[in-house]
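Only one structure is covered here, and it is reproduced in the block below.
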Amino acid sequence: MGRLSVNLCGIELDNPIIPASGTFGFGYEFAELYDINCLGTFSFKGTTKEARFGNPTPRIAECTAGMINAVGLQNPGVEKVIKEELPKLNKCFNKPVMANVSGFSVEDYAYTCEKIDKEEQVGWLEVNVSCPNVHGGGMSFGTDPKAAAEVTKAVKKVTKKPVIIKLSPNVTDIVEIAKACEAEGADGISLINTMLGMRIDLNKRIPVIKNKMGGFSGSAIFPVAVRMVYQVSHAVNIPVVGMGGVTTAEDVIEMMMAGATAVEIGAANLVNPYACRDIINELPAVLDKYRIDNIKDIIGVVE
Amino acid sequence: MKQALFTVKENFSLTQTVYKMTLCGDCSDITAPGQFVNIKIDGLFLRRPISVCDREGDTLTIIYKVVGKGTDIMSKMISGTVLDVLTGLGNGYDLSLCGESPLLLGGGVGVPPMYLLAKELRNMGKNVSVILGFNTKSEVFYENEFKALGCNVTVTTADGTYGTKGFVTDAMPETYTYFCCCGPEPMLKAVYKATNTSGQFSFEERMGCGFGACMGCSCKTITGYKRICKEGPVMKKEEILWED
């Protein structure tokens, strides 16, 4: 095992770097740029039961040190993901991949996860509970501990692989939600998803994004993410995957000191398509700089 | 797609708000007219997608209008500035469909990508007609550059202060074998209705990454969902699905 390797829910990663869902497609676009087998793993594009076009455009707004997106989970649906996307992914990536799943009802989540769980290349399921619950008045599953727990329970029942619940930061008490998921058998927690944000076009006097609001990501949200990773990782006994504004190798170290076992990188990929490769290459020198022998040693060192 | 460092050689205004920048760097991934580059600007989070006006050896020419923070910063860049640029983005125009007498229509900052297209079509020996549409005389640029390529050039201005009064669709020739078009959406729609041959349109949308990763610029077409930055920005007339 190298000095960068970590163990995430029983699966060894060569390094803790994981491109986040929605910023890395199904990997093959990036494989044209570099050998993506250098990654720990990656979380593929959020997959739902049915195909989705997503939201109307404009879907993107720039912010200071970040961006807002309201893509709306555009994806070809789980059947096509399995039949068309995973074979393409398999040709350029030979490690276990993280399957990111979304749904609009508990049944949706269970249906999609059960199918994806059977795919050989899938190592973990990352369940995004930030979507609105159509049977719960449109409120996001991730803002209600009971709803998040219900999704966890339903998914755990129909899957064999480690289930990581991806939490929304748009809540009063994220620890309570993480604990509710842990109690129903979640194998890990990943956080934070994007923060709800909005921009206004001063000339037109309308929101920049057609959907009005969207998910704010990028380096601006990093301190919020570090805080929440710290809070959650110190309150649960399952591994935490940290994300939110991570841009540099030093950010990775900070996230891990806060308590993350592995680190996802999102918006940074959209600005620098080589971001994850560059961070992996920089990590050994950064470990030396902070006198860290093995990256595992710093996970959650901050009391 | 390729990431490369480019050095600004020249950067000057063509009109009050439109600037021309030439840069020196590796242009090898720019394979078709109508493609774009995505430029990282210090202090701004997202890159700025700008269409390719010309590339010749190591020289890249872009023409951009100052509309916001990014293009304002660009307009002040001096010779010698080094920029991180993603090149060769998007599909570009398919020249093989153009026939012997293609018609090119460019409106405002939709004019620049027509230049490399016209140049390559002229190199293939085609008889190229170009209609350049602007709002008013002071906004007109590149008329002589298209003439120097040997194109039949017509300029239109909406207020009639220069060339033919009206829009590009008010100056359509009687016969042409095919058309290629780039400009604001109302112009694209008007050209769609006014043309009697097949053709290609270049579309614009707010982009996140510009290389197909974020799905920020998707649109619906007759042949399915497409990313403007990856399967576009050029679409064939037959596949366009106008929304609203």
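Following the order of the structure tokens, first chain is A, next is B, and so on, with residues numbered from 1 inside each chain and ligands from 1 in the order they appear.
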
Compute the set of chain B residues within 10 Å of chain A, using only C-alpha atoms, and express it as a PyMOL selection string.
chain B and resi 1-3+38-40+43-47+84+86+205-220+224-226+243

Quick one: residues within 6 Å of segment 187-198 of chain A, only C-alpha atoms counted, chain neighbours fewer than 3 positions away excluded, as an NGL selection string?
:A and (162-169 or 213-217 or 225 or 238-244)

Would you return as a VMD selection string the members of segment 11-46 of chain B that DSSP assigns to strand (DSSP E or B) on this structure's backbone?
chain B and resid 11 to 13 18 to 24 36 to 39

Residues at most 12 Å from Ile279 of chain A, counting only C-alpha atoms, excluding those fewer than 2 positions away in the same chain, as JSON, numbers by chain?
{"A": [4, 15, 16, 17, 18, 19, 38, 39, 40, 246, 247, 248, 249, 250, 251, 252, 253, 263, 264, 265, 268, 269, 272, 273, 274, 275, 276, 277, 281, 282, 283, 284, 285, 286, 287]}

Give me a file of those residues, with C-alpha atoms, as a PDB file, in the first residue's frame.
ATOM      1  CA  LEU A   4      -1.596   7.832  -0.442  1.00  0.00           C
ATOM      2  CA  ASN A  15      -5.396   7.603  -3.276  1.00  0.00           C
ATOM      3  CA  PRO A  16      -8.296   9.503  -1.715  1.00  0.00           C
ATOM      4  CA  ILE A  17      -9.138  11.567  -4.821  1.00  0.00           C
ATOM      5  CA  ILE A  18     -12.618  11.084  -6.299  1.00  0.00           C
ATOM      6  CA  PRO A  19     -14.121  13.341  -8.990  1.00  0.00           C
ATOM      7  CA  CYS A  38      -4.702   7.441 -11.670  1.00  0.00           C
ATOM      8  CA  LEU A  39      -7.837   8.359  -9.670  1.00  0.00           C
ATOM      9  CA  GLY A  40      -8.887   6.724  -6.406  1.00  0.00           C
ATOM     10  CA  VAL A 246     -11.838  21.344  -2.810  1.00  0.00           C
ATOM     11  CA  THR A 247      -9.384  22.793  -5.342  1.00  0.00           C
ATOM     12  CA  THR A 248      -5.826  22.047  -4.200  1.00  0.00           C
ATOM     13  CA  ALA A 249      -3.813  19.246  -2.598  1.00  0.00           C
ATOM     14  CA  GLU A 250      -3.704  21.312   0.609  1.00  0.00           C
ATOM     15  CA  ASP A 251      -7.524  21.468   0.598  1.00  0.00           C
ATOM     16  CA  VAL A 252      -7.490  17.656   0.460  1.00  0.00           C
ATOM     17  CA  ILE A 253      -5.249  17.491   3.518  1.00  0.00           C
ATOM     18  CA  VAL A 263     -12.236  13.512  -0.820  1.00  0.00           C
ATOM     19  CA  GLU A 264     -14.443  14.345  -3.788  1.00  0.00           C
ATOM     20  CA  ILE A 265     -13.613  17.136  -6.191  1.00  0.00           C
ATOM     21  CA  ALA A 268     -12.659  22.354  -9.958  1.00  0.00           C
ATOM     22  CA  ASN A 269     -12.886  19.746 -12.761  1.00  0.00           C
ATOM     23  CA  ASN A 272      -9.363  22.698 -15.023  1.00  0.00           C
ATOM     24  CA  PRO A 273     -10.150  19.331 -16.601  1.00  0.00           C
ATOM     25  CA  TYR A 274      -6.822  18.060 -15.235  1.00  0.00           C
ATOM     26  CA  ALA A 275      -7.563  19.179 -11.648  1.00  0.00           C
ATOM     27  CA  CYS A 276      -7.784  15.693 -10.104  1.00  0.00           C
ATOM     28  CA  ARG A 277      -4.694  14.377 -11.883  1.00  0.00           C
ATOM     29  CA  ASN A 281       0.608  14.435  -8.523  1.00  0.00           C
ATOM     30  CA  GLU A 282       1.044  17.222  -5.982  1.00  0.00           C
ATOM     31  CA  LEU A 283      -0.011  15.204  -2.921  1.00  0.00           C
ATOM     32  CA  PRO A 284       3.361  13.512  -2.111  1.00  0.00           C
ATOM     33  CA  ALA A 285       5.173  16.860  -1.956  1.00  0.00           C
ATOM     34  CA  VAL A 286       2.403  18.357   0.162  1.00  0.00           C
ATOM     35  CA  LEU A 287       2.577  15.382   2.552  1.00  0.00           C
TER      36      LEU A 287
END

Identify which of the residues A:Ile292, A:Val301, A:Ile116, A:Ile206 lies closest to Ser233 of chain A, counting only C-alpha atoms when measuring atom-to-atom distances.
A:Val301

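Closest to Leu149 of chain B among B:Met124, B:Val168, B:Leu14, B:Leu89 is B:Met124, based on only C-alpha atoms.
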
Quick one: residues within 10 Å of Phe146 of chain B, only C-alpha atoms, excluding same-chain residues fewer than 2 positions away - as a count of residues only?
21

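Comparing B:Asn11, B:Asn135, B:Thr61, B:Asn91 by their smallest distance to Met74 of chain B, the closest is B:Asn11 (using only C-alpha atoms).
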
DSSP-assigned helix (DSSP H, G or I) among segment 2-232 of chain B, expressed as an MDAnalysis selection string
chainID B and resid 69:75 95:97 108:110 112:123 137:139 143:148 168:171 185:194

If you keep C-alpha atoms, can you produce a file of those selected residues as an mmCIF file, in the first residue's frame?
data_model
loop_
_atom_site.group_PDB
_atom_site.id
_atom_site.type_symbol
_atom_site.label_atom_id
_atom_site.label_comp_id
_atom_site.auth_asym_id
_atom_site.auth_seq_id
_atom_site.Cartn_x
_atom_site.Cartn_y
_atom_site.Cartn_z
ATOM 1 C CA LYS B 69 -16.678 41.344 -16.424
ATOM 2 C CA GLY B 70 -14.725 38.689 -18.326
ATOM 3 C CA THR B 71 -14.682 40.392 -21.697
ATOM 4 C CA ASP B 72 -13.949 43.732 -19.996
ATOM 5 C CA ILE B 73 -10.834 42.236 -18.401
ATOM 6 C CA MET B 74 -9.890 40.724 -21.773
ATOM 7 C CA SER B 75 -10.211 44.073 -23.512
ATOM 8 C CA LEU B 95 -17.850 21.906 -44.994
ATOM 9 C CA SER B 96 -18.556 18.816 -47.064
ATOM 10 C CA LEU B 97 -22.267 19.702 -47.249
ATOM 11 C CA GLY B 108 -22.913 40.944 -34.794
ATOM 12 C CA VAL B 109 -20.413 38.800 -32.886
ATOM 13 C CA GLY B 110 -21.758 35.911 -34.978
ATOM 14 C CA PRO B 112 -16.152 36.128 -36.553
ATOM 15 C CA PRO B 113 -16.628 32.332 -36.944
ATOM 16 C CA MET B 114 -17.834 32.980 -40.507
ATOM 17 C CA TYR B 115 -14.365 34.266 -41.386
ATOM 18 C CA LEU B 116 -12.442 30.991 -41.001
ATOM 19 C CA LEU B 117 -15.366 29.199 -42.636
ATOM 20 C CA ALA B 118 -15.279 31.565 -45.634
ATOM 21 C CA LYS B 119 -11.505 31.241 -45.852
ATOM 22 C CA GLU B 120 -11.594 27.434 -45.941
ATOM 23 C CA LEU B 121 -14.469 27.373 -48.443
ATOM 24 C CA ARG B 122 -12.568 29.812 -50.686
ATOM 25 C CA ASN B 123 -9.496 27.567 -50.414
ATOM 26 C CA LYS B 137 -22.799 51.750 -39.251
ATOM 27 C CA SER B 138 -20.475 52.259 -36.272
ATOM 28 C CA GLU B 139 -20.773 48.549 -35.380
ATOM 29 C CA GLU B 143 -16.326 43.732 -44.408
ATOM 30 C CA ASN B 144 -12.975 44.236 -46.176
ATOM 31 C CA GLU B 145 -11.438 41.107 -44.685
ATOM 32 C CA PHE B 146 -14.212 38.991 -46.248
ATOM 33 C CA LYS B 147 -13.826 40.867 -49.545
ATOM 34 C CA ALA B 148 -10.079 40.160 -49.498
ATOM 35 C CA VAL B 168 -29.593 39.656 -43.064
ATOM 36 C CA THR B 169 -32.806 38.051 -44.319
ATOM 37 C CA ASP B 170 -33.582 41.243 -46.273
ATOM 38 C CA ALA B 171 -30.506 40.712 -48.440
ATOM 39 C CA GLU B 185 -31.306 33.602 -31.675
ATOM 40 C CA PRO B 186 -33.951 35.871 -33.295
ATOM 41 C CA MET B 187 -31.695 36.051 -36.356
ATOM 42 C CA LEU B 188 -31.256 32.271 -36.424
ATOM 43 C CA LYS B 189 -35.019 31.819 -36.338
ATOM 44 C CA ALA B 190 -35.514 34.337 -39.142
ATOM 45 C CA VAL B 191 -32.841 32.651 -41.266
ATOM 46 C CA TYR B 192 -34.432 29.263 -40.582
ATOM 47 C CA LYS B 193 -37.683 30.547 -42.108
ATOM 48 C CA ALA B 194 -36.153 32.573 -44.937
#

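The gap separating atom CA of Met228 of chain A from atom CA of Ile295 of chain A is 20.7 Å, in Å to one decimal.
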
Fewer than 5 positions away in the same chain doesn't count, so skip those; otherwise give me all residues within 8 Å of segment 17-25 of chain B, counting only C-alpha atoms, as a PyMOL selection string.
chain B and resi 4-12+58-66+75+109

Residues near Gln200 of chain B, anyone? I mean within 7 Å using only C-alpha atoms, not counting same-chain ones fewer than 3 positions away, as a list of chain:residue names.
B:Phe179, B:Cys180, B:Cys181, B:Val234, B:Met235, B:Lys236, B:Lys237

Create the file for the chosen residues now, containing N, CA and C atoms and written as a tab-separated table (two decimals), in the first residue's frame.
chain	number	residue	atom	x	y	z
B	179	PHE	N	-26.45	26.92	-46.70
B	179	PHE	CA	-26.12	28.10	-45.90
B	179	PHE	C	-25.51	27.72	-44.55
B	180	CYS	N	-24.72	28.61	-43.99
B	180	CYS	CA	-24.19	28.48	-42.64
B	180	CYS	C	-24.41	29.81	-41.94
B	181	CYS	N	-24.78	29.73	-40.66
B	181	CYS	CA	-25.30	30.92	-40.01
B	181	CYS	C	-24.85	30.98	-38.56
B	234	VAL	N	-22.61	23.77	-33.51
B	234	VAL	CA	-23.23	23.80	-34.84
B	234	VAL	C	-24.23	22.66	-34.97
B	235	MET	N	-25.44	23.01	-35.38
B	235	MET	CA	-26.49	22.00	-35.59
B	235	MET	C	-27.01	22.14	-37.02
B	236	LYS	N	-27.43	21.02	-37.55
B	236	LYS	CA	-28.00	21.05	-38.90
B	236	LYS	C	-29.46	21.48	-38.83
B	237	LYS	N	-29.90	22.16	-39.89
B	237	LYS	CA	-31.26	22.69	-39.93
B	237	LYS	C	-32.29	21.62	-39.60
